[in-house]
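**Q** coords-v9.csv is the file, holding CSV, C-alpha atoms and all ligand atoms:
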```csv
chain,number,residue,atom,x,y,z
A,1,MET,CA,-17.4,4.1,16.4
A,2,LEU,CA,-16.0,4.9,12.9
A,3,LYS,CA,-16.8,2.2,10.4
A,4,VAL,CA,-14.3,1.7,7.5
A,5,LEU,CA,-14.7,-0.6,4.5
A,6,ILE,CA,-11.5,-1.6,2.8
A,7,THR,CA,-11.5,-3.0,-0.7
A,8,GLY,CA,-8.7,-5.4,-1.6
A,9,GLY,CA,-9.5,-7.0,1.8
A,10,SER,CA,-7.1,-9.9,1.3
A,11,GLY,CA,-4.2,-7.7,0.4
A,12,LEU,CA,-1.1,-6.7,2.3
A,13,LEU,CA,-2.4,-3.2,3.2
A,14,ALA,CA,-6.0,-4.3,4.2
A,15,THR,CA,-5.0,-7.2,6.4
A,16,ASN,CA,-2.4,-5.2,8.3
A,17,TRP,CA,-4.8,-2.3,8.6
A,18,ALA,CA,-7.5,-4.6,10.0
A,19,CYS,CA,-5.1,-6.0,12.6
A,20,PHE,CA,-3.9,-2.5,13.6
A,21,ALA,CA,-7.3,-0.7,13.7
A,22,ARG,CA,-10.0,-3.2,14.7
A,23,ASP,CA,-9.9,-2.5,18.4
A,24,LYS,CA,-10.3,1.2,17.7
A,25,ILE,CA,-12.8,1.2,14.7
A,26,ARG,CA,-15.1,-1.2,12.9
A,27,VAL,CA,-13.4,-2.7,9.9
A,28,VAL,CA,-15.2,-4.4,7.1
A,29,LEU,CA,-12.9,-6.2,4.6
A,30,ALA,CA,-14.4,-6.2,1.1
A,31,LEU,CA,-13.2,-9.4,-0.7
A,32,HIS,CA,-12.7,-10.5,-4.3
A,33,LYS,CA,-11.6,-14.1,-4.5
A,34,THR,CA,-9.5,-14.8,-1.4
A,35,ASN,CA,-11.5,-15.4,1.8
A,36,VAL,CA,-10.3,-13.6,5.0
A,37,LEU,CA,-11.7,-14.0,8.5
A,38,PHE,CA,-10.3,-12.0,11.4
A,39,GLU,CA,-11.8,-12.0,14.8
A,40,ASP,CA,-13.7,-8.7,15.5
A,41,THR,CA,-13.7,-7.9,11.8
A,42,GLU,CA,-16.5,-8.3,9.2
A,43,SER,CA,-15.8,-9.6,5.8
A,44,VAL,CA,-18.0,-9.3,2.7
A,45,PHE,CA,-17.6,-10.4,-0.9
A,46,LEU,CA,-18.0,-7.3,-3.1
A,47,ASN,CA,-18.1,-7.3,-6.9
A,48,LEU,CA,-16.3,-4.1,-7.9
A,49,GLU,CA,-17.3,-4.7,-11.5
A,50,SER,CA,-20.9,-3.7,-10.7
A,51,ARG,CA,-21.8,-0.3,-9.5
A,52,ASP,CA,-25.2,-1.7,-8.5
A,53,ASP,CA,-23.5,-4.3,-6.2
A,54,ILE,CA,-21.2,-1.7,-4.7
A,55,LEU,CA,-24.2,0.6,-4.1
A,56,ASP,CA,-26.3,-2.2,-2.5
A,57,LYS,CA,-23.5,-3.3,-0.2
A,58,LEU,CA,-22.6,0.3,0.8
A,59,VAL,CA,-26.2,1.1,1.6
A,60,GLN,CA,-26.5,-2.1,3.6
A,61,ILE,CA,-23.2,-1.8,5.5
A,62,SER,CA,-23.2,2.0,5.7
A,63,PRO,CA,-19.5,2.7,6.3
A,64,ASP,CA,-18.3,6.2,7.2
A,65,VAL,CA,-15.3,5.7,4.9
A,66,VAL,CA,-14.3,3.5,2.0
A,67,ILE,CA,-10.6,2.8,1.6
A,68,HIS,CA,-10.0,1.6,-2.0
A,69,ALA,CA,-7.0,-0.7,-1.9
A,70,ALA,CA,-7.9,-3.3,-4.5
A,71,GLY,CA,-5.6,-3.4,-7.4
A,72,LEU,CA,-3.4,-5.3,-9.8
A,73,THR,CA,0.0,-4.7,-8.1
A,74,ASN,CA,2.3,-7.0,-10.0
A,75,VAL,CA,4.2,-4.6,-12.3
A,76,ASP,CA,5.2,-7.2,-14.9
A,77,GLU,CA,1.7,-8.6,-15.1
A,78,CYS,CA,0.4,-5.1,-15.7
A,79,GLN,CA,3.0,-4.7,-18.5
A,80,LEU,CA,1.9,-8.0,-20.1
A,81,ASN,CA,-1.8,-7.2,-19.8
A,82,PRO,CA,-2.3,-3.4,-20.2
A,83,LEU,CA,-6.1,-3.7,-20.7
A,84,LEU,CA,-6.4,-5.8,-17.5
A,85,ALA,CA,-4.3,-3.3,-15.6
A,86,LYS,CA,-6.4,-0.4,-16.9
A,87,HIS,CA,-9.6,-2.3,-16.0
A,88,ILE,CA,-8.6,-3.3,-12.5
A,89,ASN,CA,-6.6,-0.3,-11.4
A,90,CYS,CA,-8.5,2.4,-13.1
A,91,GLU,CA,-12.0,1.4,-14.1
A,92,LEU,CA,-12.8,-0.4,-10.8
A,93,ALA,CA,-11.5,2.6,-8.9
A,94,GLU,CA,-13.9,4.7,-11.1
A,95,ASN,CA,-16.8,2.5,-10.0
A,96,VAL,CA,-15.9,2.9,-6.3
A,97,ALA,CA,-15.4,6.7,-6.7
A,98,PHE,CA,-18.8,7.0,-8.5
A,99,VAL,CA,-20.8,5.2,-5.8
A,100,CYS,CA,-19.0,6.9,-3.0
A,101,ALA,CA,-19.8,10.3,-4.6
A,102,LYS,CA,-23.4,9.2,-5.1
A,103,THR,CA,-23.9,8.1,-1.5
A,104,GLY,CA,-21.7,10.8,0.1
A,105,ILE,CA,-19.4,8.2,1.7
A,106,LYS,CA,-15.9,9.5,2.1
A,107,LEU,CA,-13.4,7.8,-0.2
A,108,VAL,CA,-9.7,7.2,0.4
A,109,HIS,CA,-8.1,6.1,-2.8
A,110,ILE,CA,-4.7,4.3,-2.4
A,111,SER,CA,-2.3,5.4,-5.2
A,112,THR,CA,1.4,4.8,-5.4
A,113,ASP,CA,4.9,6.3,-5.4
A,114,HIS,CA,5.5,4.6,-8.7
A,115,LEU,CA,4.2,7.6,-10.8
A,116,PHE,CA,7.5,9.3,-11.4
A,117,SER,CA,10.5,8.7,-13.6
A,118,SER,CA,14.0,8.9,-12.1
A,119,LYS,CA,14.8,12.6,-12.7
A,120,ASN,CA,13.9,13.9,-9.2
A,121,SER,CA,14.1,12.9,-5.6
A,122,PHE,CA,11.4,13.7,-3.0
A,123,SER,CA,8.6,14.4,-5.5
A,124,THR,CA,5.9,16.5,-4.1
A,125,GLU,CA,2.1,16.4,-4.6
A,126,ASN,CA,2.6,19.0,-7.3
A,127,SER,CA,5.5,17.4,-9.2
A,128,ASN,CA,4.7,16.3,-12.7
A,129,PRO,CA,4.1,12.6,-12.9
A,130,GLN,CA,6.0,10.7,-15.6
A,131,PRO,CA,4.9,7.1,-15.5
A,132,VAL,CA,7.5,4.7,-17.0
A,133,ASN,CA,5.4,1.6,-17.2
A,134,VAL,CA,1.8,0.3,-17.5
A,135,TYR,CA,1.2,-0.1,-13.8
A,136,ALA,CA,2.2,3.5,-13.2
A,137,GLU,CA,0.1,4.7,-16.1
A,138,SER,CA,-3.0,2.8,-14.8
A,139,LYS,CA,-2.5,4.2,-11.3
A,140,LEU,CA,-2.1,7.7,-12.6
A,141,ASN,CA,-5.2,7.5,-14.7
A,142,ALA,CA,-7.1,6.1,-11.7
A,143,GLU,CA,-6.1,9.3,-9.8
A,144,PHE,CA,-7.5,11.5,-12.6
A,145,ALA,CA,-10.7,9.5,-12.8
A,146,VAL,CA,-11.2,9.5,-9.0
A,147,LYS,CA,-10.6,13.2,-8.8
A,148,LYS,CA,-13.0,13.9,-11.7
A,149,LEU,CA,-15.9,11.9,-10.2
A,150,ASN,CA,-15.3,12.6,-6.6
A,151,ASN,CA,-13.6,15.8,-5.7
A,152,ASP,CA,-13.8,15.1,-2.0
A,153,ALA,CA,-11.7,11.9,-2.2
A,154,LEU,CA,-8.4,11.7,-0.3
A,155,ILE,CA,-5.8,10.3,-2.7
A,156,ILE,CA,-2.8,8.7,-1.0
A,157,ARG,CA,0.6,8.2,-2.7
A,158,THR,CA,2.7,5.8,-0.7
A,159,ASN,CA,5.0,2.8,-0.5
A,160,PHE,CA,4.4,0.6,2.5
A,161,PHE,CA,5.7,-2.6,4.2
A,162,GLY,CA,4.2,-5.0,6.7
A,163,TRP,CA,3.7,-8.7,7.3
A,164,GLY,CA,2.2,-10.7,4.3
A,165,HIS,CA,0.8,-14.2,3.9
A,166,GLN,CA,1.1,-17.3,1.8
A,167,PHE,CA,-0.7,-15.6,-1.1
A,168,ARG,CA,1.0,-12.3,-0.8
A,169,GLN,CA,4.7,-12.2,0.4
A,170,SER,CA,5.8,-8.6,1.1
A,171,PHE,CA,9.2,-7.1,0.3
A,172,SER,CA,10.1,-7.1,4.0
A,173,ASP,CA,8.9,-10.8,4.3
A,174,TRP,CA,11.1,-11.8,1.4
A,175,ILE,CA,14.2,-10.2,2.9
A,176,TYR,CA,13.5,-11.5,6.4
A,177,ILE,CA,12.6,-15.1,5.3
A,178,ASN,CA,15.7,-15.4,3.2
A,179,LEU,CA,18.0,-14.1,5.9
A,180,ILE,CA,16.7,-16.2,8.7
A,181,ASN,CA,17.2,-19.2,6.3
A,182,ASN,CA,20.8,-18.1,5.8
A,183,LYS,CA,20.2,-17.5,2.1
A,184,GLU,CA,22.1,-14.8,0.2
A,185,ILE,CA,20.1,-12.1,-1.5
A,186,SER,CA,20.8,-9.2,-3.8
A,187,LEU,CA,19.2,-5.8,-3.3
A,188,PHE,CA,19.4,-2.7,-5.6
A,189,ASP,CA,21.6,0.0,-4.3
A,190,ASP,CA,20.5,2.4,-7.1
A,191,VAL,CA,16.7,2.3,-6.6
A,192,TYR,CA,15.4,4.7,-4.0
A,193,PHE,CA,12.1,4.9,-2.1
A,194,THR,CA,10.7,6.4,1.2
A,195,PRO,CA,8.9,3.3,2.7
A,196,ILE,CA,6.5,3.5,5.6
A,197,LEU,CA,5.0,0.8,7.9
A,198,ILE,CA,1.3,0.1,7.2
A,199,ASP,CA,0.3,0.9,10.8
A,200,SER,CA,1.9,4.3,10.5
A,201,LEU,CA,0.3,4.8,7.1
A,202,ALA,CA,-3.1,4.0,8.5
A,203,THR,CA,-2.6,6.2,11.6
A,204,HIS,CA,-1.7,9.2,9.3
A,205,ILE,CA,-4.7,8.5,7.0
A,206,HIS,CA,-7.0,8.4,10.0
A,207,ALA,CA,-5.6,11.8,11.2
A,208,LEU,CA,-6.2,13.3,7.7
A,209,LEU,CA,-9.7,11.9,7.7
A,210,ALA,CA,-10.4,13.5,11.1
A,211,LEU,CA,-9.4,16.8,9.5
A,212,ASN,CA,-11.7,16.1,6.6
A,213,GLU,CA,-8.8,16.5,4.1
A,214,TYR,CA,-9.1,15.7,0.5
A,215,GLY,CA,-6.9,15.8,-2.6
A,216,ILE,CA,-3.5,14.3,-2.9
A,217,PHE,CA,-1.2,13.5,0.1
A,218,ASN,CA,2.1,11.7,0.1
A,219,VAL,CA,2.2,9.5,3.1
A,220,VAL,CA,5.7,8.1,3.4
A,221,SER,CA,8.7,8.2,5.7
A,222,ASP,CA,11.3,10.9,5.8
A,223,ASP,CA,14.2,8.7,4.6
A,224,ARG,CA,15.1,8.3,1.0
A,225,ILE,CA,16.9,5.0,1.1
A,226,SER,CA,17.9,2.4,-1.5
A,227,LYS,CA,16.4,-1.1,-1.4
A,228,TYR,CA,19.8,-2.3,-0.3
A,229,GLU,CA,19.8,0.1,2.7
A,230,PHE,CA,16.3,-1.1,3.6
A,231,GLY,CA,17.7,-4.6,3.8
A,232,LEU,CA,20.4,-3.3,6.1
A,233,HIS,CA,17.7,-1.8,8.4
A,234,ILE,CA,16.0,-5.2,8.6
A,235,CYS,CA,19.3,-6.9,9.4
A,236,GLU,CA,20.1,-4.4,12.2
A,237,LYS,CA,16.7,-4.5,13.9
A,238,PHE,CA,16.2,-8.3,13.6
A,239,ASN,CA,19.8,-9.0,14.4
A,240,LEU,CA,20.5,-10.9,11.1
A,241,SER,CA,23.7,-11.0,9.2
A,242,SER,CA,24.2,-8.2,6.7
A,243,ASN,CA,26.9,-10.3,5.0
A,244,LEU,CA,24.1,-12.2,3.3
A,245,ILE,CA,22.9,-9.0,1.4
A,246,LYS,CA,24.8,-8.1,-1.7
A,247,PRO,CA,24.4,-4.8,-3.4
A,248,ALA,CA,23.2,-5.0,-7.1
A,249,SER,CA,22.2,-2.6,-9.8
A,250,ILE,CA,18.7,-2.4,-11.3
A,251,ALA,CA,20.4,-2.8,-14.7
A,252,SER,CA,20.8,-6.5,-13.7
A,253,LEU,CA,17.0,-6.9,-13.4
A,254,LYS,CA,15.5,-9.1,-16.1
A,255,SER,CA,12.1,-7.5,-16.0
A,256,LEU,CA,9.4,-6.9,-18.5
A,257,ALA,CA,8.5,-3.5,-17.3
A,258,PRO,CA,10.8,-0.5,-17.0
A,259,ARG,CA,11.1,0.6,-13.4
A,260,PRO,CA,11.7,4.1,-11.9
A,261,HIS,CA,15.0,4.4,-10.1
A,262,ASP,CA,13.8,7.1,-7.7
A,263,MET,CA,10.3,6.8,-6.2
A,264,SER,CA,11.1,8.9,-3.2
A,265,LEU,CA,8.3,11.3,-2.1
A,266,SER,CA,8.3,14.4,0.0
A,267,ASN,CA,6.1,14.1,3.2
A,268,HIS,CA,6.4,17.8,3.9
A,269,LYS,CA,2.7,18.6,3.3
A,270,LEU,CA,1.6,15.7,5.5
A,271,LYS,CA,4.0,16.6,8.4
A,272,LEU,CA,2.9,20.3,8.2
A,273,LYS,CA,-0.7,19.4,8.2
A,274,LEU,CA,-0.5,16.9,11.1
A,275,GLY,CA,2.2,18.6,13.1
A,276,ILE,CA,4.5,15.6,12.9
A,277,ASN,CA,8.2,16.0,13.5
A,278,TYR,CA,9.7,12.9,12.0
A,279,ILE,CA,8.8,9.5,10.5
A,280,SER,CA,12.1,7.6,10.3
A,281,VAL,CA,12.5,4.2,8.6
A,282,SER,CA,14.6,3.0,11.5
A,283,ASN,CA,11.6,3.5,13.8
A,284,GLU,CA,9.2,1.9,11.3
A,285,VAL,CA,11.3,-1.2,11.0
A,286,GLU,CA,11.6,-1.4,14.8
A,287,GLN,CA,7.8,-1.4,14.9
A,288,LEU,CA,7.8,-4.2,12.3
A,289,LYS,CA,9.9,-6.3,14.7
A,290,LEU,CA,7.6,-5.5,17.6
A,291,GLN,CA,4.7,-6.8,15.5
A,292,LEU,CA,6.6,-10.1,15.0
A,293,GLY,CA,6.9,-10.4,18.8
A,294,MET,CA,3.1,-9.8,19.2
A,295,GLY,CA,2.2,-12.5,16.7
A,296,ARG,CA,1.0,-10.3,13.8
A,297,PRO,CA,2.4,-12.6,11.0
A,298,LEU,CA,0.7,-15.7,12.5
A,299,GLU,CA,-2.5,-13.9,13.0
A,300,ILE,CA,-2.6,-12.8,9.4
A,301,GLN,CA,-1.7,-16.3,8.1
A,302,LYS,CA,-4.5,-17.8,10.2
A,303,ALA,CA,-7.1,-15.3,8.9
A,304,ILE,CA,-6.4,-16.1,5.2
A,305,ARG,CA,-8.8,-18.9,4.3
A,306,GLY,CA,-7.8,-19.2,0.7
A,307,VAL,CA,-9.5,-18.9,-2.6
A,401,LIG,N1,2.6,-2.8,-1.8
A,401,LIG,C1,3.1,-1.6,-1.9
A,401,LIG,O1,4.2,-1.3,-1.4
A,401,LIG,C2,2.3,-0.6,-2.7
A,401,LIG,C3,3.0,0.6,-3.0
A,401,LIG,C4,2.3,1.6,-3.5
A,401,LIG,C5,1.0,1.5,-3.7
A,401,LIG,N2,0.4,0.4,-3.5
A,401,LIG,C6,-1.1,0.3,-3.8
A,401,LIG,O2,-1.8,0.0,-2.6
A,401,LIG,C7,-2.9,-0.8,-2.9
A,401,LIG,C8,-2.9,-2.0,-2.0
A,401,LIG,O3,-1.8,-2.8,-2.3
A,401,LIG,P1,-1.5,-4.2,-1.7
A,401,LIG,O4,0.0,-4.4,-1.7
A,401,LIG,O5,-2.2,-4.3,-0.4
A,401,LIG,O6,-2.1,-5.1,-2.8
A,401,LIG,P2,-2.1,-6.7,-2.9
A,401,LIG,O7,-1.6,-7.3,-1.6
A,401,LIG,O8,-1.5,-7.1,-4.2
A,401,LIG,O9,-3.7,-7.1,-2.9
A,401,LIG,C9,-4.5,-6.7,-4.0
A,401,LIG,C10,-5.9,-6.9,-3.6
A,401,LIG,O10,-6.7,-6.5,-4.7
A,401,LIG,C11,-7.7,-7.5,-4.9
A,401,LIG,N3,-8.1,-7.6,-6.3
A,401,LIG,C12,-7.4,-7.9,-7.3
A,401,LIG,N4,-8.1,-7.9,-8.5
A,401,LIG,C13,-9.4,-7.5,-8.1
A,401,LIG,C14,-10.6,-7.4,-8.8
A,401,LIG,N5,-10.7,-7.6,-10.1
A,401,LIG,N6,-11.7,-7.0,-8.1
A,401,LIG,C15,-11.6,-6.8,-6.7
A,401,LIG,N7,-10.5,-6.9,-6.0
A,401,LIG,C16,-9.4,-7.3,-6.7
A,401,LIG,C17,-7.1,-8.8,-4.4
A,401,LIG,O11,-8.1,-9.7,-4.1
A,401,LIG,P3,-7.9,-11.3,-4.4
A,401,LIG,O12,-6.7,-11.7,-3.7
A,401,LIG,O13,-9.1,-12.0,-3.8
A,401,LIG,O14,-7.9,-11.4,-5.9
A,401,LIG,C18,-6.3,-8.3,-3.2
A,401,LIG,O15,-7.1,-8.3,-2.1
A,401,LIG,C19,-2.9,-1.0,-4.4
A,401,LIG,O16,-3.8,-0.1,-5.0
A,401,LIG,C20,-1.5,-0.7,-4.8
A,401,LIG,O17,-1.4,-0.2,-6.1
A,401,LIG,C21,1.0,-0.7,-3.0
```
What would you get if you wrote out this structure as C-alpha cells?
**A**
Amino acid sequence: MLKVLITGGSGLLATNWACFARDKIRVVLALHKTNVLFEDTESVFLNLESRDDILDKLVQISPDVVIHAAGLTNVDECQLNPLLAKHINCELAENVAFVCAKTGIKLVHISTDHLFSSKNSFSTENSNPQPVNVYAESKLNAEFAVKKLNNDALIIRTNFFGWGHQFRQSFSDWIYINLINNKEISLFDDVYFTPILIDSLATHIHALLALNEYGIFNVVSDDRISKYEFGLHICEKFNLSSNLIKPASIASLKSLAPRPHDMSLSNHKLKLKLGINYISVSNEVEQLKLQLGMGRPLEIQKAIRGV
C-alpha cells in the first residue's frame, strides 16, 4: 500500500486529504504545533527547520511520497513579515526538497495560483509569473528552490476548498457558516479563480504520481469564476438564500497586501495527460455537500486536538 507523508498535517489540505485517502493508502500527517489524530492515520511531529530531523524521520517512516503542504498561508501576515514568509514558505520547502532528493523519496510540492498579476486569464504552466505580493514571491522562490534541488519533484499550482476546523476556517466554510446563520456577506465579483475540491485535487495528484510525472502542473477546475459566483454555487447546492450575498469590488478591500485579480489557471496540460474530460466547479461543490452529509466536517473537528 502506498505510504504518503503530508507536511502541514493540521492544515486544510492535509486533513481533508487524510479523510479522503486513508482507506486507500497509508497517510502520515507531519505536524508542527497543532496536534491531529485521525483513526487509521499516523501523526508525527516533524521539525522542518532541521534537515537532520527530516532525514531521521523519513528514514524511520519510509514513505513512498512526501507531500509538502506546510506554509504560511495568511497573505497579510506574509506582507507584514517578509523574512518569516521567505523562511517558512521557501527555506523550509528547500529543506524538504533537499532531504527527499538525498533519500530518493518522491516529492510533491504544493504551490499556488497566486503567482500571477491580473493581466491574463487561464495562465499555463509556461506563463510568466508576476508575483504582486510577498506571499506570491515566497511561493515562487520556493518553486525555483525545489526545482533546483530536486528536479524529479512534482510542483502543483492550485486553489482548493474543503471543510476546515476551529483553527483553520476555509473560504467555503466562511460562506456556508454565514449563510446558514442568515448573515449577509459581500463577495468580490472582480476577482477570478479556478477552484477545485481537495478530494479531486488529491485524486489527480495520485494519478500524476502513478505516471511518475514531475515538473509543474496546474491542478484546478475548468471554470474561471469570481468569488461572488463561487458563493452562488454554494447557495445553489446547499439550498441557501443568494439574497444574502452582495457583490463587491476588490477595490473596497482594506488589505495590507496587493492581491491579483485573476488567478485563473489552465488545466489543459493536466486533462490531456490524465485523459479527463471536465472538472466543473458545480460538480466539485456538489461533492462538498455530499461530504457534509457523510460527516466530514465533524470528523475533522474531532481529529484536531489543539496546540
Ligand atoms: N488554501 C488554499 O486555497 C491554497 C491555495 C493555493 C495554494 N495553497 C498552498 O497549499 C498549501 C497548504 O495550504 P493549507 O490551506 O492547507 O494551509 P493551512 O491550512 O494554512 O495550514 C498550514 C500548515 O502549515 C503548518 N506550518 C506553519 N508554519 C510551519 C512551520 N514553521 N513548520 C512546519 N509547519 C508549519 C501549520 O501547522 P501548525 O498549525 O501546527 O502551525 C499547518 O499545518 C500551502 O503551501 C499553501 O501555500 C493553498
**Q** Between A:Pro63, A:Pro195, A:Gly295, A:Pro82, which has the minimum distance to ligand LIG 401 (chain A) (counting all atoms listed in the file)?
**A**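 With all atoms listed in the file as the atom set, the closest residue is A:Pro195.
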**Q** Fewer than 5 positions away in the same chain doesn't count, so skip those; otherwise give me all residues within 10 Å of Ser172 in chain A, counting all atoms listed in the file, as a PDB file with C-alpha atoms, in the coordinates of the input.
**A**
```pdb
ATOM      1  CA  PHE A 160       4.400   0.600   2.500  1.00  0.00           C
ATOM      2  CA  PHE A 161       5.700  -2.600   4.200  1.00  0.00           C
ATOM      3  CA  GLY A 162       4.200  -5.000   6.700  1.00  0.00           C
ATOM      4  CA  TRP A 163       3.700  -8.700   7.300  1.00  0.00           C
ATOM      5  CA  GLY A 164       2.200 -10.700   4.300  1.00  0.00           C
ATOM      6  CA  ILE A 177      12.600 -15.100   5.300  1.00  0.00           C
ATOM      7  CA  PHE A 230      16.300  -1.100   3.600  1.00  0.00           C
ATOM      8  CA  GLY A 231      17.700  -4.600   3.800  1.00  0.00           C
ATOM      9  CA  ILE A 234      16.000  -5.200   8.600  1.00  0.00           C
ATOM     10  CA  VAL A 285      11.300  -1.200  11.000  1.00  0.00           C
ATOM     11  CA  LEU A 288       7.800  -4.200  12.300  1.00  0.00           C
TER      12      LEU A 288
END
```
**Q** Write out as a ChimeraX atom specification the residues lying within 7 Å of range 280-283 of chain A, counting all atoms listed in the file and excluding same-chain residues fewer than 2 positions away.
**A** /A:195-196,221-223,233,278,285-287
**Q** Please identify all polymer residues within 12 Å of Asn212 in chain A, counting all atoms listed in the file, omitting same-chain residues fewer than 6 positions from it, and present them as a PyMOL selection string.
**A** chain A and resi 64-65+106-108+152-154+205-206+273
**Q** Using the selection just defined, write its residues with C-alpha atoms as a short mmCIF file (atom, residue, chain, number, x, y, z; two decimals), in the coordinates of the input.
**A**
```cif
data_model
loop_
_atom_site.label_atom_id
_atom_site.label_comp_id
_atom_site.auth_asym_id
_atom_site.auth_seq_id
_atom_site.Cartn_x
_atom_site.Cartn_y
_atom_site.Cartn_z
CA ASP A 64 -18.30 6.20 7.20
CA VAL A 65 -15.30 5.70 4.90
CA LYS A 106 -15.90 9.50 2.10
CA LEU A 107 -13.40 7.80 -0.20
CA VAL A 108 -9.70 7.20 0.40
CA ASP A 152 -13.80 15.10 -2.00
CA ALA A 153 -11.70 11.90 -2.20
CA LEU A 154 -8.40 11.70 -0.30
CA ILE A 205 -4.70 8.50 7.00
CA HIS A 206 -7.00 8.40 10.00
CA LYS A 273 -0.70 19.40 8.20
#
```
**Q** So, counting only C-alpha atoms and all ligand atoms, which residue among A:Arg157, A:Lys24, A:Arg51, A:Lys86 is closest to ligand LIG 401 (chain A)?
**A**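 Looking at the shortest contact to ligand LIG 401 (chain A), the residue is A:Arg157.
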**Q** Give me the residues near Val75 in chain A as an NGL selection string, where near means some atom within 10 Å (using only C-alpha atoms) and where sequence neighbours in that chain fewer than 2 positions away do not count.
**A** :A and (72-73 or 77-81 or 85 or 114 or 133-136 or 255-259)
**Q** Mind listing the residues within 6 Å of ligand LIG 401 (chain A), all atoms listed in the file counted, as a list in words?
**A** Gly8, Gly9, Ser10, Gly11, Leu12, Leu13, Ala14, Leu31, His32, Lys33, Thr34, Leu48, Ala69, Ala70, Gly71, Leu72, Thr73, Ile88, Ile110, Ser111, Thr112, Asp113, Thr158, Asn159, Phe160, Phe161 and Arg168 of chain A
**Q** Would you save the residues of that selection, restricted to C-alpha atoms, as an mmCIF file, in the frame of the given file?
**A**
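Printed below is result.cif as written:
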```
data_model
loop_
_atom_site.group_PDB
_atom_site.id
_atom_site.type_symbol
_atom_site.label_atom_id
_atom_site.label_comp_id
_atom_site.auth_asym_id
_atom_site.auth_seq_id
_atom_site.Cartn_x
_atom_site.Cartn_y
_atom_site.Cartn_z
ATOM 1 C CA GLY A 8 -8.700 -5.400 -1.600
ATOM 2 C CA GLY A 9 -9.500 -7.000 1.800
ATOM 3 C CA SER A 10 -7.100 -9.900 1.300
ATOM 4 C CA GLY A 11 -4.200 -7.700 0.400
ATOM 5 C CA LEU A 12 -1.100 -6.700 2.300
ATOM 6 C CA LEU A 13 -2.400 -3.200 3.200
ATOM 7 C CA ALA A 14 -6.000 -4.300 4.200
ATOM 8 C CA LEU A 31 -13.200 -9.400 -0.700
ATOM 9 C CA HIS A 32 -12.700 -10.500 -4.300
ATOM 10 C CA LYS A 33 -11.600 -14.100 -4.500
ATOM 11 C CA THR A 34 -9.500 -14.800 -1.400
ATOM 12 C CA LEU A 48 -16.300 -4.100 -7.900
ATOM 13 C CA ALA A 69 -7.000 -0.700 -1.900
ATOM 14 C CA ALA A 70 -7.900 -3.300 -4.500
ATOM 15 C CA GLY A 71 -5.600 -3.400 -7.400
ATOM 16 C CA LEU A 72 -3.400 -5.300 -9.800
ATOM 17 C CA THR A 73 0.000 -4.700 -8.100
ATOM 18 C CA ILE A 88 -8.600 -3.300 -12.500
ATOM 19 C CA ILE A 110 -4.700 4.300 -2.400
ATOM 20 C CA SER A 111 -2.300 5.400 -5.200
ATOM 21 C CA THR A 112 1.400 4.800 -5.400
ATOM 22 C CA ASP A 113 4.900 6.300 -5.400
ATOM 23 C CA THR A 158 2.700 5.800 -0.700
ATOM 24 C CA ASN A 159 5.000 2.800 -0.500
ATOM 25 C CA PHE A 160 4.400 0.600 2.500
ATOM 26 C CA PHE A 161 5.700 -2.600 4.200
ATOM 27 C CA ARG A 168 1.000 -12.300 -0.800
#
```
**Q** Using CA of Lys246 in chain A and CA of Leu197 in chain A as the two end points, give the distance in Å to one decimal.
**A** 23.7 Å
**Q** Could you list, as a ChimeraX atom specification, every residue within 12 Å of Asn239 in chain A, counting all atoms listed in the file and ignoring same-chain residues fewer than 2 positions away?
**A** /A:176,179-180,231-237,241-243,286,289
**Q** Next, the residues of the selection above should be written as a PDB file, in the frame of the given file with C-alpha atoms.
**A**
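result18.pdb was written with the following content:
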```
ATOM      1  CA  TYR A 176      13.500 -11.500   6.400  1.00  0.00           C
ATOM      2  CA  LEU A 179      18.000 -14.100   5.900  1.00  0.00           C
ATOM      3  CA  ILE A 180      16.700 -16.200   8.700  1.00  0.00           C
ATOM      4  CA  GLY A 231      17.700  -4.600   3.800  1.00  0.00           C
ATOM      5  CA  LEU A 232      20.400  -3.300   6.100  1.00  0.00           C
ATOM      6  CA  HIS A 233      17.700  -1.800   8.400  1.00  0.00           C
ATOM      7  CA  ILE A 234      16.000  -5.200   8.600  1.00  0.00           C
ATOM      8  CA  CYS A 235      19.300  -6.900   9.400  1.00  0.00           C
ATOM      9  CA  GLU A 236      20.100  -4.400  12.200  1.00  0.00           C
ATOM     10  CA  LYS A 237      16.700  -4.500  13.900  1.00  0.00           C
ATOM     11  CA  SER A 241      23.700 -11.000   9.200  1.00  0.00           C
ATOM     12  CA  SER A 242      24.200  -8.200   6.700  1.00  0.00           C
ATOM     13  CA  ASN A 243      26.900 -10.300   5.000  1.00  0.00           C
ATOM     14  CA  GLU A 286      11.600  -1.400  14.800  1.00  0.00           C
ATOM     15  CA  LYS A 289       9.900  -6.300  14.700  1.00  0.00           C
TER      16      LYS A 289
END
```
**Q** One decimal, in Å: what's the spacing between CA of Leu270 in chain A and CA of Glu213 in chain A?
**A**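 Pair CA of Leu270 in chain A / CA of Glu213 in chain A returns 10.5 Å.
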**Q** Measuring atom to atom with only C-alpha atoms, identify which of A:Gln301, A:Asn181, A:Thr203, A:Asn218 is nearest to Thr15 in chain A.
**A**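 Between A:Gln301, A:Asn181, A:Thr203, A:Asn218, the residue approaching Thr15 in chain A most closely is A:Gln301.
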**Q** Expressed in Å to a single decimal, how great is the separation between CA of Ser118 in chain A and CA of Pro260 in chain A?
**A**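 CA of Pro260 in chain A lies 5.3 Å from CA of Ser118 in chain A.
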**Q** So which one's closest to Ile54 in chain A, A:Ser127, A:Thr103, A:Ser200, A:Asn150? Using all atoms listed in the file, please.
**A** A:Thr103
**Q** Let me make sure I understand: among A:Ile276, A:Val220, A:Leu253, A:Val59, which one has the smallest atom-to-atom distance to Val99 in chain A if we use all atoms listed in the file?
**A**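 Checking each candidate against Val99 in chain A, we get A:Val59 as the closest.
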**Q** Between A:Ala207, A:Ile216, A:Val96, A:Leu274, which one has atoms that come closest to Glu125 in chain A, using all atoms listed in the file?
**A**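 So, comparing all the options, the nearest one is A:Ile216.
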